[in-house]
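Asker: My structure is below; once you've seen it, I'll send some questions.
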Amino acid sequence: MKRSQFAASLACLALLGLRAEQLHAQSNESRPGMWAPKLSGPSRGEIQVLPVQGKVWVLIGAGGNITVQAGDDGILMVDTGTAAMSDKVLAAVATISKRTLRYVINTTDSQDHTGGNEKIAATGEIIPFDAGDAAKIQNELNTHRASVISYLTVFDRMTGDSGKLPARPEGAWPDNTYSSPQKRLYFNDEAVIIMHVPANTDGNSIVFFRKSDVVSTGDLFDLTEYPVIDLKSGGSIQAILDGLNRLLDVTVPSAYAQGGTLVIPGHGRIADHADVVYYRNMVAIIRDRIQDMIKRGMTLEQVKAAQPTRDYDARYGKKAGAWTTEMFVESAFRSLSK
């Protein structure tokens, strides 16, 4: 074999090896519990637009993940990201559909999920009423704003009715609240079911797009860290575990427990039933460990020293930032000690 042919063969084998490594990493990344090199996501300050399935897309990189459903009726968004990313979010949504924004659903009152409410909702319009008396009502309403939906306690916290000073301007407040177990819409030729699932707080919602077979979870399910437990807002580790079990009730796997219903977490990549099972089992195991330590009379400091999360820290643990492993353990301990 000539030297030039030999060199070309080596180059070809190197490329094939690199591609095999990439495919292996992608395969492992989709399997719960399997370690894999982290694949590159959007650059800091940029937004990645990914199709999920059916009429649903996800925007990654604007704070919390943003779900977008688009069709002939217009656009529905689940969460709006941080305020600083609003312009880029609107530009990203425009690449999916040029139709009018009709609904925004807030899964929580957290700033990384609702910070863009004011600017983004103002670009939409509520769905027009029929002619007649309804038209008069329509004229009395602010039609030049998408309807913002949330559970009632999210509205209370954003407006200050929970006893705190208002943290948000009025333009960011939800105008369409619910206090029942669920709220249902029919939009873009599919049922959209908004379910109240207390978890990180007492006001979490998850959103199920029934025909597309996609669930948007907000912070109930987070592939980047341990679940946030907001004790002051009614959250607990047991509520998170119950919420994850309820999420599993509406997710159906396809072949080999992969695919099927796709799940958009509050942060991180698109997931499926198997990913939720792994995350649920992780929360249950840590809950059981801490609960057992409490029963044996261990103090908070002793529980922290015992490292009940140690075998999951490589995947979910953080030593710095807004939500650390130590903060998670302490909040879980306090919620189980009540």
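Quick note on naming: the chains in the structure tokens go A, B, ... in the order shown, residues restart at 1 in each chain, and ligands are numbered from 1 in order of appearance.
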Show which residues sit within 7 Å of region 67-84 of chain A, as JSON, numbers by chain. Count only C-alpha atoms, and ignore same-chain residues fewer than 4 positions away.
Answerer: {"A": [55, 56, 57, 58, 59, 62, 63, 97, 99, 100, 101, 102, 103, 104, 105, 106, 107, 111, 112, 113, 114, 115, 116, 117, 187, 188, 216]}
Asker: Could you save the residues just selected, with N, CA and C atoms, as an mmCIF file, in the first residue's frame?
Answerer:
```
data_model
loop_
_atom_site.group_PDB
_atom_site.id
_atom_site.type_symbol
_atom_site.label_atom_id
_atom_site.label_comp_id
_atom_site.auth_asym_id
_atom_site.auth_seq_id
_atom_site.Cartn_x
_atom_site.Cartn_y
_atom_site.Cartn_z
ATOM 1 N N LYS A 55 -46.409 19.053 18.335
ATOM 2 C CA LYS A 55 -46.394 20.504 18.116
ATOM 3 C C LYS A 55 -45.598 21.252 19.176
ATOM 4 N N VAL A 56 -44.682 20.543 19.821
ATOM 5 C CA VAL A 56 -43.981 21.098 20.980
ATOM 6 C C VAL A 56 -42.486 21.238 20.711
ATOM 7 N N TRP A 57 -41.943 22.384 21.129
ATOM 8 C CA TRP A 57 -40.513 22.685 21.082
ATOM 9 C C TRP A 57 -40.047 23.051 22.479
ATOM 10 N N VAL A 58 -38.721 23.087 22.664
ATOM 11 C CA VAL A 58 -38.148 23.568 23.919
ATOM 12 C C VAL A 58 -37.056 24.578 23.612
ATOM 13 N N LEU A 59 -37.007 25.647 24.424
ATOM 14 C CA LEU A 59 -35.933 26.630 24.365
ATOM 15 C C LEU A 59 -35.052 26.407 25.584
ATOM 16 N N ALA A 62 -32.331 30.055 28.596
ATOM 17 C CA ALA A 62 -32.908 31.331 29.024
ATOM 18 C C ALA A 62 -33.190 31.368 30.518
ATOM 19 N N GLY A 63 -32.476 30.547 31.284
ATOM 20 C CA GLY A 63 -32.780 30.363 32.695
ATOM 21 C C GLY A 63 -33.403 28.988 32.833
ATOM 22 N N SER A 97 -42.709 29.962 15.029
ATOM 23 C CA SER A 97 -43.995 30.383 14.483
ATOM 24 C C SER A 97 -44.103 31.901 14.487
ATOM 25 N N ARG A 99 -47.138 33.241 14.408
ATOM 26 C CA ARG A 99 -48.493 33.498 14.893
ATOM 27 C C ARG A 99 -48.482 34.189 16.250
ATOM 28 N N THR A 100 -49.663 34.560 16.735
ATOM 29 C CA THR A 100 -49.796 35.368 17.946
ATOM 30 C C THR A 100 -49.642 34.522 19.210
ATOM 31 N N LEU A 101 -48.926 35.067 20.173
ATOM 32 C CA LEU A 101 -48.839 34.437 21.488
ATOM 33 C C LEU A 101 -50.175 34.611 22.197
ATOM 34 N N ARG A 102 -50.776 33.498 22.613
ATOM 35 C CA ARG A 102 -52.088 33.541 23.265
ATOM 36 C C ARG A 102 -52.025 33.209 24.762
ATOM 37 N N TYR A 103 -51.179 32.258 25.141
ATOM 38 C CA TYR A 103 -51.124 31.816 26.537
ATOM 39 C C TYR A 103 -49.677 31.711 27.019
ATOM 40 N N VAL A 104 -49.480 32.077 28.289
ATOM 41 C CA VAL A 104 -48.260 31.768 29.032
ATOM 42 C C VAL A 104 -48.693 31.027 30.285
ATOM 43 N N ILE A 105 -48.082 29.888 30.547
ATOM 44 C CA ILE A 105 -48.372 29.132 31.768
ATOM 45 C C ILE A 105 -47.140 29.168 32.656
ATOM 46 N N ASN A 106 -47.301 29.606 33.905
ATOM 47 C CA ASN A 106 -46.193 29.623 34.867
ATOM 48 C C ASN A 106 -46.261 28.379 35.745
ATOM 49 N N THR A 107 -45.161 27.610 35.775
ATOM 50 C CA THR A 107 -45.129 26.407 36.604
ATOM 51 C C THR A 107 -44.768 26.717 38.051
ATOM 52 N N GLN A 111 -37.932 33.283 39.689
ATOM 53 C CA GLN A 111 -37.511 34.295 38.713
ATOM 54 C C GLN A 111 -36.973 33.690 37.422
ATOM 55 N N ASP A 112 -36.313 32.534 37.489
ATOM 56 C CA ASP A 112 -35.747 31.956 36.269
ATOM 57 C C ASP A 112 -36.806 31.307 35.390
ATOM 58 N N HIS A 113 -38.045 31.245 35.894
ATOM 59 C CA HIS A 113 -39.149 30.720 35.096
ATOM 60 C C HIS A 113 -40.183 31.795 34.744
ATOM 61 N N THR A 114 -40.205 32.888 35.486
ATOM 62 C CA THR A 114 -41.245 33.913 35.280
ATOM 63 C C THR A 114 -40.688 35.304 35.040
ATOM 64 N N GLY A 115 -39.366 35.449 35.017
ATOM 65 C CA GLY A 115 -38.773 36.769 34.873
ATOM 66 C C GLY A 115 -39.156 37.479 33.590
ATOM 67 N N GLY A 116 -39.441 36.718 32.541
ATOM 68 C CA GLY A 116 -39.801 37.316 31.259
ATOM 69 C C GLY A 116 -41.284 37.583 31.078
ATOM 70 N N ASN A 117 -42.096 37.319 32.095
ATOM 71 C CA ASN A 117 -43.549 37.469 31.966
ATOM 72 C C ASN A 117 -43.975 38.813 31.387
ATOM 73 N N PHE A 187 -56.225 23.652 22.637
ATOM 74 C CA PHE A 187 -55.491 24.674 21.883
ATOM 75 C C PHE A 187 -54.612 23.992 20.856
ATOM 76 N N ASN A 188 -54.638 24.521 19.635
ATOM 77 C CA ASN A 188 -53.863 23.933 18.535
ATOM 78 C C ASN A 188 -54.196 22.459 18.331
ATOM 79 N N SER A 216 -44.332 19.103 30.359
ATOM 80 C CA SER A 216 -43.424 20.151 30.812
ATOM 81 C C SER A 216 -43.540 20.228 32.328
#
```
Asker: Give me every helix (DSSP H, G or I) residue in region 183-303 of chain A, going by DSSP on the backbone, as a ChimeraX atom specification.
Answerer: /A:231-233,237-249,255-257,273-295,300-303
Asker: If you run DSSP on this backbone, which residues of region 126-302 of chain A come out as strand (DSSP E or B), and could you give them as a ChimeraX atom specification?
Answerer: /A:147-151,176-178,182-187,190-196,205-209,214-218,262-265,271-272
Asker: Go ahead and dump the residues you just picked, N, CA and C atoms, as a short mmCIF file (atom, residue, chain, number, x, y, z; two decimals), in the first residue's frame.
Answerer:
```cif
data_model
loop_
_atom_site.label_atom_id
_atom_site.label_comp_id
_atom_site.auth_asym_id
_atom_site.auth_seq_id
_atom_site.Cartn_x
_atom_site.Cartn_y
_atom_site.Cartn_z
N SER A 147 -52.75 35.76 27.85
CA SER A 147 -53.27 35.37 29.15
C SER A 147 -52.19 34.56 29.88
N VAL A 148 -51.90 34.97 31.13
CA VAL A 148 -50.88 34.29 31.94
C VAL A 148 -51.58 33.44 33.00
N ILE A 149 -51.34 32.14 32.95
CA ILE A 149 -52.03 31.17 33.81
C ILE A 149 -51.07 30.66 34.88
N SER A 150 -51.58 30.53 36.10
CA SER A 150 -50.78 29.91 37.16
C SER A 150 -51.72 29.37 38.24
N TYR A 151 -51.14 28.57 39.13
CA TYR A 151 -51.88 28.18 40.32
C TYR A 151 -52.03 29.41 41.22
N ASN A 176 -54.99 34.69 35.06
CA ASN A 176 -55.89 33.55 34.87
C ASN A 176 -55.42 32.44 35.80
N THR A 177 -55.93 32.44 37.04
CA THR A 177 -55.46 31.48 38.04
C THR A 177 -56.46 30.34 38.21
N TYR A 178 -55.97 29.26 38.81
CA TYR A 178 -56.86 28.14 39.13
C TYR A 178 -56.50 27.63 40.52
N GLN A 182 -56.81 20.60 38.56
CA GLN A 182 -56.28 20.82 37.22
C GLN A 182 -57.11 21.84 36.45
N LYS A 183 -56.49 22.39 35.43
CA LYS A 183 -57.16 23.31 34.51
C LYS A 183 -56.90 22.78 33.11
N ARG A 184 -57.93 22.82 32.25
CA ARG A 184 -57.80 22.22 30.92
C ARG A 184 -58.08 23.25 29.82
N LEU A 185 -57.29 23.16 28.77
CA LEU A 185 -57.47 23.97 27.58
C LEU A 185 -57.54 23.05 26.37
N TYR A 186 -58.16 23.54 25.28
CA TYR A 186 -58.04 22.84 24.00
C TYR A 186 -57.47 23.87 23.03
N PHE A 187 -56.23 23.65 22.64
CA PHE A 187 -55.49 24.67 21.88
C PHE A 187 -54.61 23.99 20.86
N GLU A 190 -55.22 20.14 20.31
CA GLU A 190 -54.89 19.12 21.30
C GLU A 190 -55.26 19.58 22.70
N ALA A 191 -55.54 18.61 23.55
CA ALA A 191 -55.84 18.90 24.94
C ALA A 191 -54.56 19.28 25.67
N VAL A 192 -54.64 20.38 26.42
CA VAL A 192 -53.52 20.83 27.25
C VAL A 192 -54.02 20.79 28.70
N ILE A 193 -53.42 19.93 29.49
CA ILE A 193 -53.89 19.72 30.86
C ILE A 193 -52.85 20.28 31.83
N ILE A 194 -53.27 21.29 32.59
CA ILE A 194 -52.40 21.94 33.58
C ILE A 194 -52.75 21.34 34.94
N MET A 195 -51.81 20.66 35.55
CA MET A 195 -52.06 19.94 36.79
C MET A 195 -51.34 20.58 37.97
N HIS A 196 -52.08 20.79 39.05
CA HIS A 196 -51.47 21.29 40.28
C HIS A 196 -50.75 20.13 40.95
N SER A 205 -47.02 23.63 39.05
CA SER A 205 -47.88 23.03 38.02
C SER A 205 -47.00 22.26 37.04
N ILE A 206 -47.56 21.19 36.48
CA ILE A 206 -46.95 20.55 35.32
C ILE A 206 -47.96 20.62 34.19
N VAL A 207 -47.49 20.58 32.94
CA VAL A 207 -48.37 20.78 31.79
C VAL A 207 -48.22 19.59 30.84
N PHE A 208 -49.34 18.92 30.56
CA PHE A 208 -49.35 17.73 29.71
C PHE A 208 -50.01 18.06 28.38
N PHE A 209 -49.24 17.93 27.30
CA PHE A 209 -49.76 18.11 25.94
C PHE A 209 -50.13 16.71 25.44
N VAL A 214 -46.19 15.03 25.42
CA VAL A 214 -45.08 15.74 26.04
C VAL A 214 -45.55 16.32 27.37
N VAL A 215 -44.71 16.25 28.39
CA VAL A 215 -45.01 16.87 29.69
C VAL A 215 -43.92 17.88 30.00
N SER A 216 -44.33 19.10 30.36
CA SER A 216 -43.42 20.15 30.81
C SER A 216 -43.54 20.23 32.33
N THR A 217 -42.43 20.05 33.04
CA THR A 217 -42.51 19.80 34.48
C THR A 217 -42.13 20.97 35.37
N GLY A 218 -41.47 22.01 34.82
CA GLY A 218 -40.93 23.02 35.72
C GLY A 218 -39.91 22.39 36.65
N LEU A 262 -42.33 12.20 26.12
CA LEU A 262 -41.11 12.94 26.36
C LEU A 262 -41.35 14.00 27.44
N VAL A 263 -40.34 14.25 28.23
CA VAL A 263 -40.45 15.10 29.42
C VAL A 263 -39.46 16.25 29.31
N ILE A 264 -39.98 17.47 29.46
CA ILE A 264 -39.14 18.67 29.45
C ILE A 264 -38.93 19.09 30.91
N PRO A 265 -37.71 18.92 31.42
CA PRO A 265 -37.47 19.27 32.83
C PRO A 265 -37.32 20.78 33.02
N ALA A 271 -35.99 14.57 28.34
CA ALA A 271 -35.91 13.28 29.02
C ALA A 271 -37.10 12.40 28.66
N ASP A 272 -37.13 11.21 29.27
CA ASP A 272 -38.24 10.29 29.05
C ASP A 272 -38.58 9.58 30.36
#
```
Asker: List the spatial neighbours of Gly243 (chain A) as a VMD selection string - criterion: any atom at most 9 Å away, only C-alpha atoms, same-chain residues fewer than 3 positions off excluded.
Answerer: chain A and resid 197 to 199 220 238 to 240 246 to 248
Asker: For the residues in that selection, give me all heavy atoms as a PDB file, in the first residue's frame.
Answerer:
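Below is the file result_1.pdb, written as the result:
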```
ATOM      1  N   VAL A 197     -49.427  20.239  41.075  1.00  0.00           N
ATOM      2  CA  VAL A 197     -48.625  19.184  41.692  1.00  0.00           C
ATOM      3  C   VAL A 197     -47.708  19.830  42.732  1.00  0.00           C
ATOM      4  O   VAL A 197     -46.586  20.249  42.414  1.00  0.00           O
ATOM      5  CB  VAL A 197     -47.794  18.426  40.629  1.00  0.00           C
ATOM      6  CG1 VAL A 197     -46.980  17.314  41.282  1.00  0.00           C
ATOM      7  CG2 VAL A 197     -48.693  17.853  39.546  1.00  0.00           C
ATOM      8  N   PRO A 198     -48.151  19.966  43.990  1.00  0.00           N
ATOM      9  CA  PRO A 198     -47.292  20.549  45.023  1.00  0.00           C
ATOM     10  C   PRO A 198     -45.982  19.770  45.103  1.00  0.00           C
ATOM     11  O   PRO A 198     -45.980  18.533  45.091  1.00  0.00           O
ATOM     12  CB  PRO A 198     -48.116  20.388  46.302  1.00  0.00           C
ATOM     13  CG  PRO A 198     -49.526  20.223  45.834  1.00  0.00           C
ATOM     14  CD  PRO A 198     -49.445  19.511  44.522  1.00  0.00           C
ATOM     15  N   ALA A 199     -44.867  20.477  45.174  1.00  0.00           N
ATOM     16  CA  ALA A 199     -43.570  19.803  45.182  1.00  0.00           C
ATOM     17  C   ALA A 199     -42.523  20.710  45.817  1.00  0.00           C
ATOM     18  O   ALA A 199     -42.393  20.739  47.035  1.00  0.00           O
ATOM     19  CB  ALA A 199     -43.177  19.415  43.752  1.00  0.00           C
ATOM     20  N   LEU A 220     -40.129  20.635  39.307  1.00  0.00           N
ATOM     21  CA  LEU A 220     -40.387  19.324  39.911  1.00  0.00           C
ATOM     22  C   LEU A 220     -39.296  18.335  39.517  1.00  0.00           C
ATOM     23  O   LEU A 220     -38.858  17.511  40.323  1.00  0.00           O
ATOM     24  CB  LEU A 220     -41.760  18.809  39.455  1.00  0.00           C
ATOM     25  CG  LEU A 220     -42.055  17.335  39.727  1.00  0.00           C
ATOM     26  CD1 LEU A 220     -42.096  17.057  41.226  1.00  0.00           C
ATOM     27  CD2 LEU A 220     -43.370  16.916  39.069  1.00  0.00           C
ATOM     28  N   GLN A 238     -40.985  15.067  50.655  1.00  0.00           N
ATOM     29  CA  GLN A 238     -42.068  14.106  50.436  1.00  0.00           C
ATOM     30  C   GLN A 238     -43.005  14.594  49.333  1.00  0.00           C
ATOM     31  O   GLN A 238     -43.468  13.805  48.495  1.00  0.00           O
ATOM     32  CB  GLN A 238     -42.864  13.879  51.722  1.00  0.00           C
ATOM     33  CG  GLN A 238     -43.954  12.819  51.592  1.00  0.00           C
ATOM     34  CD  GLN A 238     -43.408  11.459  51.204  1.00  0.00           C
ATOM     35  OE1 GLN A 238     -42.481  10.943  51.840  1.00  0.00           O
ATOM     36  NE2 GLN A 238     -43.962  10.858  50.164  1.00  0.00           N
ATOM     37  N   ALA A 239     -43.286  15.899  49.303  1.00  0.00           N
ATOM     38  CA  ALA A 239     -44.134  16.446  48.250  1.00  0.00           C
ATOM     39  C   ALA A 239     -43.473  16.277  46.879  1.00  0.00           C
ATOM     40  O   ALA A 239     -44.159  15.973  45.881  1.00  0.00           O
ATOM     41  CB  ALA A 239     -44.434  17.918  48.517  1.00  0.00           C
ATOM     42  N   ILE A 240     -42.155  16.451  46.817  1.00  0.00           N
ATOM     43  CA  ILE A 240     -41.448  16.251  45.551  1.00  0.00           C
ATOM     44  C   ILE A 240     -41.553  14.795  45.113  1.00  0.00           C
ATOM     45  O   ILE A 240     -41.806  14.501  43.930  1.00  0.00           O
ATOM     46  CB  ILE A 240     -39.972  16.686  45.690  1.00  0.00           C
ATOM     47  CG1 ILE A 240     -39.901  18.218  45.801  1.00  0.00           C
ATOM     48  CG2 ILE A 240     -39.141  16.191  44.516  1.00  0.00           C
ATOM     49  CD1 ILE A 240     -38.551  18.744  46.211  1.00  0.00           C
ATOM     50  N   ARG A 246     -46.628  11.208  40.556  1.00  0.00           N
ATOM     51  CA  ARG A 246     -47.760  11.644  39.739  1.00  0.00           C
ATOM     52  C   ARG A 246     -47.318  11.898  38.295  1.00  0.00           C
ATOM     53  O   ARG A 246     -48.042  11.613  37.357  1.00  0.00           O
ATOM     54  CB  ARG A 246     -48.379  12.903  40.331  1.00  0.00           C
ATOM     55  CG  ARG A 246     -49.693  13.280  39.639  1.00  0.00           C
ATOM     56  CD  ARG A 246     -50.429  14.363  40.363  1.00  0.00           C
ATOM     57  NE  ARG A 246     -51.649  14.720  39.635  1.00  0.00           N
ATOM     58  CZ  ARG A 246     -52.359  15.808  39.873  1.00  0.00           C
ATOM     59  NH1 ARG A 246     -51.978  16.639  40.818  1.00  0.00           N
ATOM     60  NH2 ARG A 246     -53.435  16.058  39.182  1.00  0.00           N
ATOM     61  N   LEU A 247     -46.112  12.448  38.140  1.00  0.00           N
ATOM     62  CA  LEU A 247     -45.571  12.643  36.797  1.00  0.00           C
ATOM     63  C   LEU A 247     -45.442  11.305  36.074  1.00  0.00           C
ATOM     64  O   LEU A 247     -45.759  11.191  34.879  1.00  0.00           O
ATOM     65  CB  LEU A 247     -44.212  13.344  36.902  1.00  0.00           C
ATOM     66  CG  LEU A 247     -43.395  13.499  35.618  1.00  0.00           C
ATOM     67  CD1 LEU A 247     -44.170  14.286  34.565  1.00  0.00           C
ATOM     68  CD2 LEU A 247     -42.056  14.179  35.914  1.00  0.00           C
ATOM     69  N   LEU A 248     -44.994  10.293  36.778  1.00  0.00           N
ATOM     70  CA  LEU A 248     -44.863   8.968  36.171  1.00  0.00           C
ATOM     71  C   LEU A 248     -46.212   8.385  35.753  1.00  0.00           C
ATOM     72  O   LEU A 248     -46.283   7.575  34.825  1.00  0.00           O
ATOM     73  CB  LEU A 248     -44.153   8.011  37.136  1.00  0.00           C
ATOM     74  CG  LEU A 248     -42.650   8.247  37.288  1.00  0.00           C
ATOM     75  CD1 LEU A 248     -42.088   7.416  38.436  1.00  0.00           C
ATOM     76  CD2 LEU A 248     -41.924   7.927  35.989  1.00  0.00           C
TER      77      LEU A 248
END
```
Asker: Which distance in Å separates CA of Arg310 (chain A) and CA of Tyr226 (chain A), to one decimal?
Answerer: 12.0 Å
Asker: Nearest to Gly54 (chain A) among A:Asn200, A:Gln302, A:Thr95, A:Thr261, with distances taken over only C-alpha atoms: which residue is it?
Answerer: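 That would be A:Thr261, the residue with the smallest distance to Gly54 (chain A).
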Asker: Distance CA of Thr123 (chain A)-CA of Asp87 (chain A), one decimal place?
Answerer: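 Spanning CA of Thr123 (chain A) to CA of Asp87 (chain A) is a straight-line distance of 10.9 Å.
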Asker: What's the separation between CA of Ile290 (chain A) and CA of Val228 (chain A), in Å to one decimal place?
Answerer: 16.2 Å
Asker: Considering only C-alpha atoms, tabulate each residue of region 210-303 of chain A that lies at most 10 Å from region 317-334 of chain A along with its nearest interatomic pair and the corresponding distance in Å to one decimal; arrange the rows by chain and ascending residue number and present them as a Markdown table.
Answerer:
```
| residue | atom | partner | partner_atom | distance |
| --- | --- | --- | --- | --- |
| A:Thr224 | CA | A:Gly317 | CA | 8.6 |
| A:Glu225 | CA | A:Gly317 | CA | 6.1 |
| A:Tyr226 | CA | A:Phe328 | CA | 6.7 |
| A:Pro227 | CA | A:Phe328 | CA | 7.3 |
| A:Val228 | CA | A:Phe328 | CA | 6.7 |
| A:Ile229 | CA | A:Ser331 | CA | 6.2 |
| A:Asp230 | CA | A:Ser331 | CA | 7.8 |
| A:Leu231 | CA | A:Ser331 | CA | 7.0 |
| A:Gly235 | CA | A:Ser331 | CA | 9.3 |
| A:Ser236 | CA | A:Ala332 | CA | 6.8 |
| A:Ile237 | CA | A:Ala332 | CA | 5.5 |
| A:Gln238 | CA | A:Ala332 | CA | 8.6 |
| A:Val283 | CA | A:Ala332 | CA | 9.9 |
| A:Ile286 | CA | A:Val329 | CA | 8.8 |
| A:Arg287 | CA | A:Ala332 | CA | 7.3 |
| A:Ile290 | CA | A:Phe333 | CA | 6.5 |
| A:Gln291 | CA | A:Phe333 | CA | 7.7 |
| A:Met293 | CA | A:Phe333 | CA | 9.3 |
| A:Ile294 | CA | A:Phe333 | CA | 7.9 |
| A:Thr299 | CA | A:Phe333 | CA | 9.2 |
| A:Leu300 | CA | A:Phe333 | CA | 6.9 |
| A:Glu301 | CA | A:Glu330 | CA | 8.9 |
| A:Val303 | CA | A:Val329 | CA | 8.1 |
```
Asker: Smallest atom-to-atom distance to Met158 (chain A): which of A:Ser212, A:Thr108, A:Ser180, A:Gln307, using only C-alpha atoms?
Answerer: A:Thr108
